[in-house]
Structures are given as structure tokens and as C-alpha cells.
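Next comes query-v2.cif, with mmCIF, C-alpha atoms.
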data_model
#
loop_
_atom_site.label_atom_id
_atom_site.label_comp_id
_atom_site.auth_asym_id
_atom_site.auth_seq_id
_atom_site.Cartn_x
_atom_site.Cartn_y
_atom_site.Cartn_z
CA ASP M 29 10.87 24.55 -16.82
CA ALA M 30 9.50 22.79 -19.89
CA VAL M 31 7.89 19.40 -19.41
CA GLY M 32 9.60 16.66 -21.43
CA ARG M 33 8.56 13.24 -22.62
CA ASP M 34 11.02 11.59 -20.23
CA ASP M 35 9.57 13.33 -17.16
CA ASP M 36 7.82 11.37 -14.43
CA PHE M 37 4.23 12.42 -13.73
CA PHE M 38 4.70 12.08 -9.96
CA ALA M 39 8.09 13.80 -9.95
CA LEU M 40 6.35 16.76 -11.61
CA GLY M 41 4.05 17.04 -8.59
CA GLY M 42 1.34 14.55 -9.47
CA ASN M 43 -0.38 12.54 -6.76
CA SER M 44 -3.09 9.89 -6.51
CA LEU M 45 -5.91 12.41 -6.81
CA SER M 46 -4.49 14.29 -9.80
CA ALA M 47 -3.63 10.96 -11.45
CA THR M 48 -7.23 9.82 -11.29
CA ARG M 49 -8.41 13.22 -12.55
CA LEU M 50 -5.99 12.92 -15.46
CA VAL M 51 -7.35 9.53 -16.47
CA ALA M 52 -10.93 10.74 -16.07
CA ALA M 53 -10.16 13.61 -18.48
CA ILE M 54 -8.53 11.22 -20.95
CA ARG M 55 -11.55 8.96 -20.83
CA ASP M 56 -13.86 11.88 -21.40
CA ARG M 57 -11.93 13.62 -24.18
CA LEU M 58 -10.45 10.65 -26.05
CA GLU M 59 -13.27 8.19 -25.34
CA LEU M 60 -10.74 5.50 -24.57
CA PRO M 61 -11.31 2.78 -21.93
CA VAL M 62 -8.15 3.75 -20.05
CA PRO M 63 -7.63 1.97 -16.70
CA PHE M 64 -7.27 4.25 -13.70
CA THR M 65 -4.03 2.47 -12.84
CA LEU M 66 -2.32 3.87 -15.96
CA PRO M 67 -0.27 6.65 -14.27
CA PHE M 68 0.81 4.28 -11.48
CA VAL M 69 2.05 1.57 -13.83
CA HIS M 70 3.47 3.99 -16.44
CA PRO M 71 4.42 7.26 -14.68
CA VAL M 72 6.91 8.43 -17.35
CA LEU M 73 5.03 10.57 -19.86
CA LYS M 74 6.36 8.89 -23.00
CA ASP M 75 5.41 5.50 -21.56
CA MET M 76 1.97 6.76 -20.67
CA ALA M 77 1.53 8.04 -24.23
CA ALA M 78 2.57 4.67 -25.66
CA GLU M 79 0.05 2.96 -23.44
CA LEU M 80 -2.70 5.30 -24.59
CA GLN M 81 -2.03 4.19 -28.16
CA ALA M 82 -3.04 0.70 -27.09
CA ALA M 83 -6.50 2.11 -26.15
CA GLY M 84 -7.06 0.61 -22.75
CA ARG M 85 -4.65 -2.35 -22.80
CA ARG M 86 -3.88 -3.28 -19.19
CA ASP M 87 -0.25 -3.78 -18.41
CA GLY M 88 0.67 -7.05 -16.67
CA GLU M 89 3.88 -5.79 -15.07
CA THR M 90 4.00 -6.61 -11.38
CA LEU M 91 7.65 -5.70 -10.75
CA VAL M 92 8.28 -2.05 -11.59
CA THR M 93 11.44 0.05 -11.41
CA LEU M 94 10.82 3.13 -9.30
CA HIS M 95 14.38 4.44 -9.34
CA SER M 96 17.32 3.41 -11.54
CA ALA M 97 20.90 3.31 -10.28
CA ARG M 98 23.48 5.35 -12.14
CA SER M 99 25.97 2.49 -11.87
CA GLU M 100 25.34 -1.17 -12.59
CA GLY M 101 25.95 -4.16 -10.40
CA GLY M 102 24.44 -2.91 -7.13
CA ARG M 103 21.73 -4.63 -5.15
CA PRO M 104 18.24 -3.12 -5.46
CA LEU M 105 15.92 -2.18 -2.65
CA PHE M 106 12.63 -4.06 -3.04
CA LEU M 107 9.44 -2.33 -1.86
CA PHE M 108 6.17 -4.19 -1.31
CA HIS M 109 2.77 -2.72 -2.02
CA PRO M 110 0.32 -1.84 0.77
CA ALA M 111 -3.31 -2.98 0.69
CA GLY M 112 -4.12 -0.52 -2.09
CA GLY M 113 -2.03 -2.61 -4.49
CA HIS M 114 0.30 -0.01 -6.04
CA VAL M 115 3.63 1.33 -4.80
CA ARG M 116 3.26 5.04 -5.61
CA ALA M 117 2.91 5.88 -1.92
CA TYR M 118 6.67 5.34 -1.72
CA VAL M 119 7.54 8.07 -4.27
CA PRO M 120 8.11 10.89 -1.70
CA LEU M 121 10.35 8.58 0.33
CA ILE M 122 12.38 7.54 -2.73
CA GLN M 123 12.83 11.18 -3.77
CA ALA M 124 14.05 12.08 -0.28
CA LEU M 125 16.64 9.28 -0.25
CA SER M 126 18.93 10.75 -2.96
CA ILE M 127 20.71 7.43 -3.43
CA ASP M 128 22.51 5.64 -6.25
CA THR M 129 20.59 2.44 -5.61
CA ALA M 130 17.97 0.85 -7.81
CA VAL M 131 14.55 0.73 -6.20
CA CYS M 132 12.04 -1.85 -7.41
CA GLY M 133 8.39 -2.10 -6.40
CA LEU M 134 6.18 -5.18 -6.20
CA GLN M 135 2.61 -4.30 -7.18
CA SER M 136 -0.53 -6.37 -6.85
CA PRO M 137 -1.38 -8.40 -9.96
CA GLN M 138 -4.96 -7.26 -9.36
CA LEU M 139 -4.05 -3.82 -10.73
CA ALA M 140 -3.43 -5.34 -14.15
CA ASP M 141 -6.08 -8.05 -13.86
CA PRO M 142 -8.95 -7.11 -11.53
CA ALA M 143 -10.41 -10.60 -11.98
CA PHE M 144 -7.39 -12.12 -10.24
CA GLN M 145 -8.04 -12.97 -6.59
CA PRO M 146 -5.11 -14.17 -4.49
CA GLY M 147 -5.84 -17.19 -2.37
CA SER M 148 -3.20 -16.51 0.28
CA ILE M 149 -0.21 -14.41 1.25
CA ASP M 150 1.87 -17.50 0.50
CA GLN M 151 0.67 -17.35 -3.11
CA LEU M 152 1.68 -13.70 -3.40
CA ALA M 153 5.01 -14.37 -1.68
CA ASP M 154 5.81 -17.14 -4.18
CA LEU M 155 5.02 -14.80 -7.09
CA TYR M 156 6.99 -11.87 -5.68
CA THR M 157 9.99 -13.99 -4.64
CA GLY M 158 10.26 -15.37 -8.16
CA LEU M 159 10.27 -11.86 -9.60
CA ILE M 160 12.85 -10.70 -7.05
CA ARG M 161 15.22 -13.57 -7.85
CA HIS M 162 14.84 -12.94 -11.55
CA ARG M 163 15.87 -9.30 -10.96
CA GLN M 164 18.59 -10.22 -8.42
CA PRO M 165 19.58 -13.91 -8.66
CA ASP M 166 21.65 -14.02 -5.46
CA GLY M 167 21.50 -12.41 -2.05
CA PRO M 168 21.86 -10.66 0.21
CA TYR M 169 18.48 -9.02 -0.27
CA ARG M 170 17.01 -5.83 1.18
CA LEU M 171 13.22 -5.81 1.57
CA PHE M 172 10.94 -3.02 2.77
CA GLY M 173 7.20 -2.67 3.28
CA TRP M 174 4.70 -0.18 4.64
CA SER M 175 1.42 -1.34 6.19
CA PHE M 176 0.31 -4.60 4.49
CA GLY M 177 3.57 -4.39 2.56
CA GLY M 178 5.38 -5.24 5.80
CA TRP M 179 3.59 -8.59 5.91
CA LEU M 180 4.51 -9.25 2.28
CA ALA M 181 8.15 -8.33 2.91
CA ALA M 182 8.32 -10.76 5.83
CA ALA M 183 6.68 -13.55 3.82
CA ALA M 184 9.10 -13.03 0.91
CA ALA M 185 12.06 -12.93 3.31
CA ALA M 186 11.02 -16.29 4.73
CA ARG M 187 10.86 -17.75 1.20
CA LEU M 188 14.34 -16.47 0.40
CA GLU M 189 15.81 -17.77 3.66
CA ALA M 190 14.20 -21.18 3.10
CA ALA M 191 15.92 -21.28 -0.30
CA GLY M 192 19.30 -20.75 1.38
CA GLU M 193 19.63 -17.07 0.49
CA ARG M 194 20.65 -14.35 2.93
CA VAL M 195 18.33 -11.46 3.60
CA GLU M 196 20.39 -8.51 4.81
CA TRP M 197 17.44 -6.86 6.55
CA VAL M 198 13.70 -6.35 6.39
CA GLY M 199 12.26 -2.86 6.89
CA VAL M 200 8.70 -2.61 8.22
CA VAL M 201 6.82 0.68 8.48
CA ASP M 202 3.69 1.10 10.60
CA ALA M 203 2.42 -2.44 10.06
CA ARG M 204 0.30 -3.95 12.79
CA THR M 205 0.63 -7.68 13.44
CA ASP M 206 -1.90 -8.04 16.27
CA LEU M 207 -5.11 -8.13 14.25
CA VAL M 208 -7.33 -8.43 17.31
CA ARG M 209 -5.80 -5.38 18.94
CA GLY M 210 -5.85 -3.56 15.60
CA SER M 211 -9.48 -4.29 14.80
CA PHE M 212 -12.15 -1.62 15.00
CA ASP M 213 -14.28 -1.69 18.14
CA LEU M 214 -17.65 -0.65 16.69
CA PRO M 215 -20.22 -2.93 18.34
CA ASP M 216 -23.10 -0.89 16.95
CA LEU M 217 -21.84 -1.35 13.38
CA PRO M 218 -21.09 -5.08 12.98
CA ILE M 219 -21.87 -5.24 9.24
CA ALA M 220 -20.51 -1.85 8.19
CA THR M 221 -17.20 -2.11 10.07
CA PRO M 222 -15.20 -3.99 7.36
CA PHE M 223 -16.16 -1.36 4.81
CA ILE M 224 -15.40 1.57 7.12
CA ALA M 225 -11.98 -0.01 7.68
CA CYS M 226 -11.27 0.44 3.95
CA LEU M 227 -11.44 4.24 4.22
CA ASP M 228 -8.42 6.37 5.04
CA GLY M 229 -8.02 7.65 8.58
CA ALA M 230 -9.41 11.13 7.98
CA MET M 231 -12.59 9.77 6.38
CA GLN M 232 -13.02 7.22 9.14
CA ARG M 233 -12.82 9.89 11.81
CA ARG M 234 -15.23 12.20 10.01
CA LEU M 235 -17.71 9.39 9.44
CA LEU M 236 -17.65 8.13 13.02
CA ASP M 237 -17.49 11.56 14.68
CA TYR M 238 -20.20 13.30 12.66
CA HIS M 239 -22.32 10.60 11.00
CA ARG M 240 -22.61 7.85 13.61
CA PRO M 241 -26.46 7.69 13.64
CA ALA M 242 -26.50 7.51 9.85
CA CYS M 243 -23.88 4.76 10.01
CA ARG M 244 -26.27 2.72 12.13
CA GLU M 245 -28.93 3.14 9.47
CA LEU M 246 -26.43 1.95 6.87
CA ASP M 247 -25.57 -1.06 9.01
CA ARG M 248 -29.23 -2.08 9.21
CA GLU M 249 -29.59 -1.62 5.45
CA LEU M 250 -26.51 -3.74 4.74
CA ALA M 251 -27.75 -6.49 7.06
CA ALA M 252 -30.85 -6.85 4.88
CA LEU M 253 -28.82 -7.23 1.66
CA PRO M 254 -27.14 -10.34 0.26
CA GLU M 255 -23.49 -10.39 1.33
CA ALA M 256 -22.30 -10.03 -2.28
CA ALA M 257 -24.19 -6.74 -2.67
CA ARG M 258 -22.97 -5.04 0.50
CA ALA M 259 -19.66 -3.61 -0.70
CA GLU M 260 -21.27 -1.79 -3.65
CA ARG M 261 -23.98 -0.33 -1.47
CA ALA M 262 -21.50 0.74 1.23
CA LEU M 263 -19.34 2.45 -1.39
CA ASP M 264 -22.28 4.37 -2.85
CA TRP M 265 -23.35 5.43 0.65
CA PHE M 266 -19.82 6.65 1.49
CA ARG M 267 -19.72 8.67 -1.72
CA ALA M 268 -23.07 10.26 -0.97
CA THR M 269 -22.22 11.00 2.68
CA LEU M 270 -18.59 12.14 2.44
CA PRO M 271 -17.91 14.90 -0.11
CA ALA M 272 -14.20 14.05 -0.22
CA ALA M 273 -15.05 10.53 -1.39
CA MET M 274 -16.69 11.97 -4.51
CA GLU M 275 -13.38 13.40 -5.73
CA ARG M 276 -12.15 10.00 -6.88
CA PRO M 277 -13.68 7.91 -9.68
CA ARG M 278 -16.09 5.28 -8.48
CA ASP M 279 -14.54 2.35 -10.35
CA LEU M 280 -11.14 3.09 -8.83
CA GLN M 281 -12.69 3.26 -5.36
CA ALA M 282 -14.50 -0.03 -5.96
CA LEU M 283 -11.21 -1.70 -6.91
CA GLN M 284 -9.46 -0.21 -3.89
CA MET M 285 -12.20 -1.43 -1.53
CA ARG M 286 -11.95 -4.91 -2.96
CA LEU M 287 -8.17 -4.90 -2.57
CA PHE M 288 -8.43 -3.77 1.07
CA ILE M 289 -11.03 -6.42 1.91
CA ASP M 290 -8.92 -9.09 0.19
CA CYS M 291 -5.82 -8.06 2.16
CA HIS M 292 -7.66 -8.15 5.48
CA ARG M 293 -8.87 -11.66 4.63
CA LEU M 294 -5.36 -12.78 3.68
CA MET M 295 -3.87 -11.47 6.92
CA ARG M 296 -6.45 -13.30 9.04
CA ASP M 297 -5.46 -16.58 7.36
CA PHE M 298 -1.69 -16.11 7.61
CA ALA M 299 0.81 -16.67 10.40
CA LEU M 300 3.85 -14.42 10.16
CA PRO M 301 7.04 -16.50 9.88
CA LYS M 302 10.13 -16.45 12.07
CA LEU M 303 13.03 -14.72 10.36
CA THR M 304 16.79 -14.88 10.78
CA ALA M 305 17.24 -11.49 9.12
CA PRO M 306 17.20 -8.44 11.39
CA LEU M 307 14.08 -6.30 11.34
CA HIS M 308 14.01 -2.51 11.32
CA VAL M 309 10.58 -1.37 12.47
CA TRP M 310 9.24 2.17 12.35
CA TRP M 311 5.97 3.24 13.97
CA ALA M 312 3.99 6.45 13.66
CA ASP M 313 3.33 7.71 17.16
CA GLN M 314 -0.37 8.15 16.39
CA THR M 315 -0.63 4.46 15.46
CA LEU M 316 0.59 3.59 18.95
CA SER M 317 -2.08 5.80 20.53
CA ALA M 318 -5.60 4.54 21.19
CA THR M 319 -8.64 6.16 19.58
CA PRO M 320 -12.27 5.94 20.74
CA PHE M 321 -12.80 3.04 18.32
CA ARG M 322 -9.41 1.32 18.13
CA LYS M 323 -6.61 0.27 20.46
CA GLY M 324 -3.13 1.57 19.85
CA ALA M 325 -0.49 -0.76 18.44
CA ASP M 326 2.14 -2.35 20.66
CA PRO M 327 5.59 -1.17 19.52
CA ASP M 328 6.97 -4.67 20.14
CA GLU M 329 4.45 -6.46 17.92
CA TRP M 330 7.17 -7.61 15.52
CA ALA M 331 9.35 -9.13 18.26
CA GLY M 332 7.79 -12.53 17.59
CA VAL M 333 9.01 -12.46 13.98
CA GLY M 334 12.69 -11.70 14.62
CA ARG M 335 15.25 -9.38 16.16
CA ALA M 336 13.63 -6.00 15.80
CA LEU M 337 15.13 -2.53 16.16
CA VAL M 338 12.24 -0.14 16.75
CA ARG M 339 11.91 3.59 16.26
CA VAL M 340 8.85 5.79 16.80
CA ILE M 341 8.37 8.81 14.52
CA ASP M 342 5.94 11.70 14.95
CA GLY M 343 3.04 11.41 12.51
CA ASP M 344 0.23 9.14 11.42
CA HIS M 345 -0.11 6.10 9.20
CA GLN M 346 -0.10 8.13 5.97
CA SER M 347 2.41 10.84 6.84
CA ILE M 348 5.20 8.59 8.15
CA LEU M 349 6.39 7.79 4.62
CA ARG M 350 7.02 11.50 4.03
CA THR M 351 9.06 12.11 7.19
CA ARG M 352 12.69 13.18 7.13
CA GLU M 353 13.50 10.75 9.94
CA LEU M 354 12.39 7.69 7.99
CA ALA M 355 14.34 8.78 4.90
CA GLN M 356 17.47 9.36 6.98
CA ASP M 357 17.21 5.95 8.65
CA LEU M 358 16.64 4.12 5.39
CA ARG M 359 19.48 5.97 3.67
CA ALA M 360 21.80 4.97 6.52
CA LEU M 361 20.82 1.33 6.14
CA LEU M 362 21.48 1.42 2.41
CA ASP M 363 24.78 3.32 2.77
CA GLN M 364 26.11 1.18 5.59
CA GLY M 365 25.24 -2.15 4.10
CA GLY M 366 22.59 -2.85 6.73
CA SER M 367 24.88 -2.30 9.70
CA GLY M 368 23.21 0.97 10.68
CA GLY M 369 20.46 0.91 13.29
CA SER M 370 17.11 2.63 13.28
#
Take the structure in the file and write it out as C-alpha cells.
Amino acid sequence: DAVGRDDDFFALGGNSLSATRLVAAIRDRLELPVPFTLPFVHPVLKDMAAELQAAGRRDGETLVTLHSARSEGGRPLFLFHPAGGHVRAYVPLIQALSIDTAVCGLQSPQLADPAFQPGSIDQLADLYTGLIRHRQPDGPYRLFGWSFGGWLAAAAAARLEAAGERVEWVGVVDARTDLVRGSFDLPDLPIATPFIACLDGAMQRRLLDYHRPACRELDRELAALPEAARAERALDWFRATLPAAMERPRDLQALQMRLFIDCHRLMRDFALPKLTAPLHVWWADQTLSATPFRKGADPDEWAGVGRALVRVIDGDHQSILRTRELAQDLRALLDQGGSGGS
């Protein structure tokens, strides 16, 4: 079929890797200072073209519409970004839902303004809650978050409840709350550990299984550097050591590493609130299983936040968003007005 100006880049089969390759080609051929976040903020081709005409202007939109409802007047589903800052990881899940419900995503303001540094999860929750209430002035609200997005969803739910609004439910996917249990146990890599934690699971395993002695050399090198210089050096070392890391542009990886480190800092300084709204919690079975360098999650970790219905799904932290089971559960919640269980 012909590609049209109203088509969505990701609906056409694009993904994070091809998006960054697209922007790299645009930079090279058009010599425009296009931000690597362009396809994530403006996935529709005509919108992407309009943004290119602005020659590198960064968009400040933090609330984005990921799916529009065919009929007006319904309540949206609000999705919260993971540590990486954007909400495109949810696209396969949204496509699998096949629903007539608007889906809105809350993205990190750091995507539009890399100089912005959030001081706390409370600060982000205040920002996101204001945007949510502007989009939907009255409850009940339906909030959903994967990974760090689960923390943000809970924080926003607490803000809404404190304002007297009803939150119908909060969906949390594979988000660990016990940071001690979830931390990496790498006693021989005390300086490098926070940077290794920024890599995806496959890269972490490859690095620790096949390059452990070299990691120790990196750790000693980082220890001798000023703290402010360590992240850049760790990133360059990862790119030189792991061929897969070279497939993504360096400036995008640097931004992603900063976002991950910021989110880990914010979680350490935040106490998850108690919620009245019911919680629907999904875990990937591999997240619950221990590895040689990390303890498995406790499936009841969210019990201290509120009444939690828990389901375990086969898969890992990345694949769970693409599972049929998660899409079916979420569709049931949306169709049944929150009365369906998970």
C-alpha cells in the first residue's frame, strides 16, 4: 500500500532503532540540527515534515495523544513514560487493544528541553496532574505505567485523590518498588554499576557474562575520574565494547543514560503513597526470577501502596508490553469500567 502523509511512522513498522537511523539520515542529508526525539514527539509523517521545516526546533509538548477516540466525550487512558522519557514503548500495546478510547501519554519534559532536570517525583507528578486535569477536568481517571512509569502513575493518582477526585484504577506493569532488592549486586564494580544499570537487559547480560574482567578495568578507570566525567567515559566504553550499542547515535544514548540516572535518583528520594484506588499489577515472570547479579522481585511489592490484583505473565521486562495477555487484561478493564480483574 502507498504511504500517505497522515500515516504514523511507528504504525508503518518503525521502531526506536529505525527512528534514530531516520533522524541520522536527515541530519546527514539535509544538514539540519534535528533532535533525535523528533519521530517520538511527531510520529505522523505530515507532522514530522512540518517540524523539519522549523530546522531543529524542539517541541515542548509533554502530553501527547497516542490514539484518538472515534466518539467524543469518553475518558482517556493516561500512560506514563518509563525512565527513557518517551512513551513509544506503549505503541504495540495500544495497537493490540483495538479500542474506541483516547490514549494520552505523559512524556518527560527533558525530551524537549535536555537542560531541564527534575528535582523530585513530586515535581513531575504536579506537572503531569495539571496536564491530565486540563485534558480531563473531572474524574474518574484511569492511569497506567510501565517500569518507572508505574511510580509516576501512583504519584499522580495520589495527587488526584488529594484533590478530591476519584481514580478508577491504576495499572502498573513490571515496576519494582523494593529498590534494595532490585539493586545490582556487583561488589567488584562499585563505580560502574549505576552506568551498567542504564543498559537494557540483553546488553547487561552480555557485558557481565563475557566482559567481566574488562568491566573491572573500567571501574578502576572511572574511580580515577571526576564524578562529572564518569558517565561520558562509561558510555564511550560501552559503545566500544558492545557492537549493538554502536547502532544508536551517541547523543541519543547520552540523553537516555542521563534520564535513567535521574530516574534512579528520584526513586531513591521518594516514598510511594498510599492509594484508595485499586491497583492492577502485572509482572514478567523473568523479573520475579533471580539472576547471578540481581534478586528477583517480590510479586506483592505493591501491596503497601493499595489493594493490588496481581498477574504474572511469561516474558521479560521489555517483552511484557507486547504480550497478548496484557492487552486482553487492559482491554477488559477499559470495557468493563474498571470492574474487571487482572
- Can you list, as a PyMOL selection string, the residues that the PyMOL selection byres ((chain M and resi 222) around 12) selects here? chain M and resi 211-214+217-221+223-227+232+247+250+258-259+262-263+285-286+288-293
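The shell of residues at most 10 Å from Val201 in chain M, with all atoms listed in the file counted and near chain neighbours (fewer than 5 positions) removed, consists of Phe172, Gly173, Trp174, Ser175, Phe176, Gly177, Gly178, His308, Val309, Trp310, Trp311, Ala312, Val338, Arg339, Val340, His345, Ile348, Leu349 and Leu354 of chain M.
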- Note on the structure: In terms of only C-alpha atoms, the residue from M:Pro215, M:Thr351, M:Ala30, M:Pro71 at minimal distance from Asn43 in chain M is M:Pro71
- Message: Residues proximal to (6.6, 11.1, 18.1) were defined as those with any atom within 8 Å of that point in the file's coordinates, counting all atoms listed in the file. Which are they, as a PyMOL selection string?
- Response: chain M and resi 312-314+340-343
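For the set M:Arg267, M:Glu275, M:Ala203, M:Gly112, the residue with the smallest atom-to-atom gap to Asp328 in chain M is M:Ala203, counting only C-alpha atoms.
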- Nearby residues (only C-alpha atoms) at most 12 Å from range 37-42 of chain M, same-chain spacing under 3 positions excluded, as number ranges by chain: M: 29-34, 45-50, 66-77, 94-95, 115-124
Where is the centre and how long are the edges: axis-aligned box on range 324-341 of chain M, 5 Å on each side, Å to one decimal, as JSON:
{"center_x": 6.1, "center_y": -1.9, "center_z": 17.3, "size_x": 28.4, "size_y": 31.3, "size_z": 16.7}
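Computed from the coordinates, the CA of Glu100 in chain M to CA of Ser126 in chain M distance equals 16.6 Å.
Atom to atom, CA of Met231 in chain M and CA of Ala53 in chain M stand 25.3 Å apart.
The interatomic distance for the pair CA of Cys132 in chain M and CA of Gln284 in chain M works out to 21.8 Å.
Comparing the minimum interatomic distances between Leu362 in chain M and each of M:Val51, M:Leu188, M:Ala78, M:Val198, counting only C-alpha atoms, we find that M:Val198 sits nearest.
Using all atoms listed in the file, the contacts of Gly210 in chain M at a cut-off of 8 Å, with sequence neighbours closer than 3 positions omitted, comprise Arg204, Thr205, Asp206, Leu207, Arg322, Lys323, Gly324 and Ala325 of chain M.
Here, the PyMOL selection byres ((chain M and resi 193) around 9) matches Asp166, Gly167, Pro168, Tyr169, Arg187, Leu188, Glu189, Ala190, Ala191, Gly192, Arg194 and Val195 of chain M.
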- Task: For each of M:Pro142, M:Gly147, M:Gly199, M:Pro137, take the minimum atom-to-atom distance to Met295 in chain M, counting all atoms listed in the file, then give the residue where this is smallest.
- Result: M:Gly147
- Would you please work out which residue, of M:His114, M:Arg240, M:Arg161, M:Arg170, is nearest to Thr129 in chain M when using all atoms listed in the file? M:Arg170
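Shortest separation to Tyr156 in chain M among M:Thr315, M:Thr269, M:Ser136, M:Thr93 occurs at residue M:Ser136, atoms counted being all atoms listed in the file.
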- Task: Give me the residues within 12 Å of Asp237 in chain M as an MDAnalysis selection string, counting all atoms listed in the file and dropping any in the same chain fewer than 5 places off.
- Result: chainID M and resid 229:232 242:243 319:321
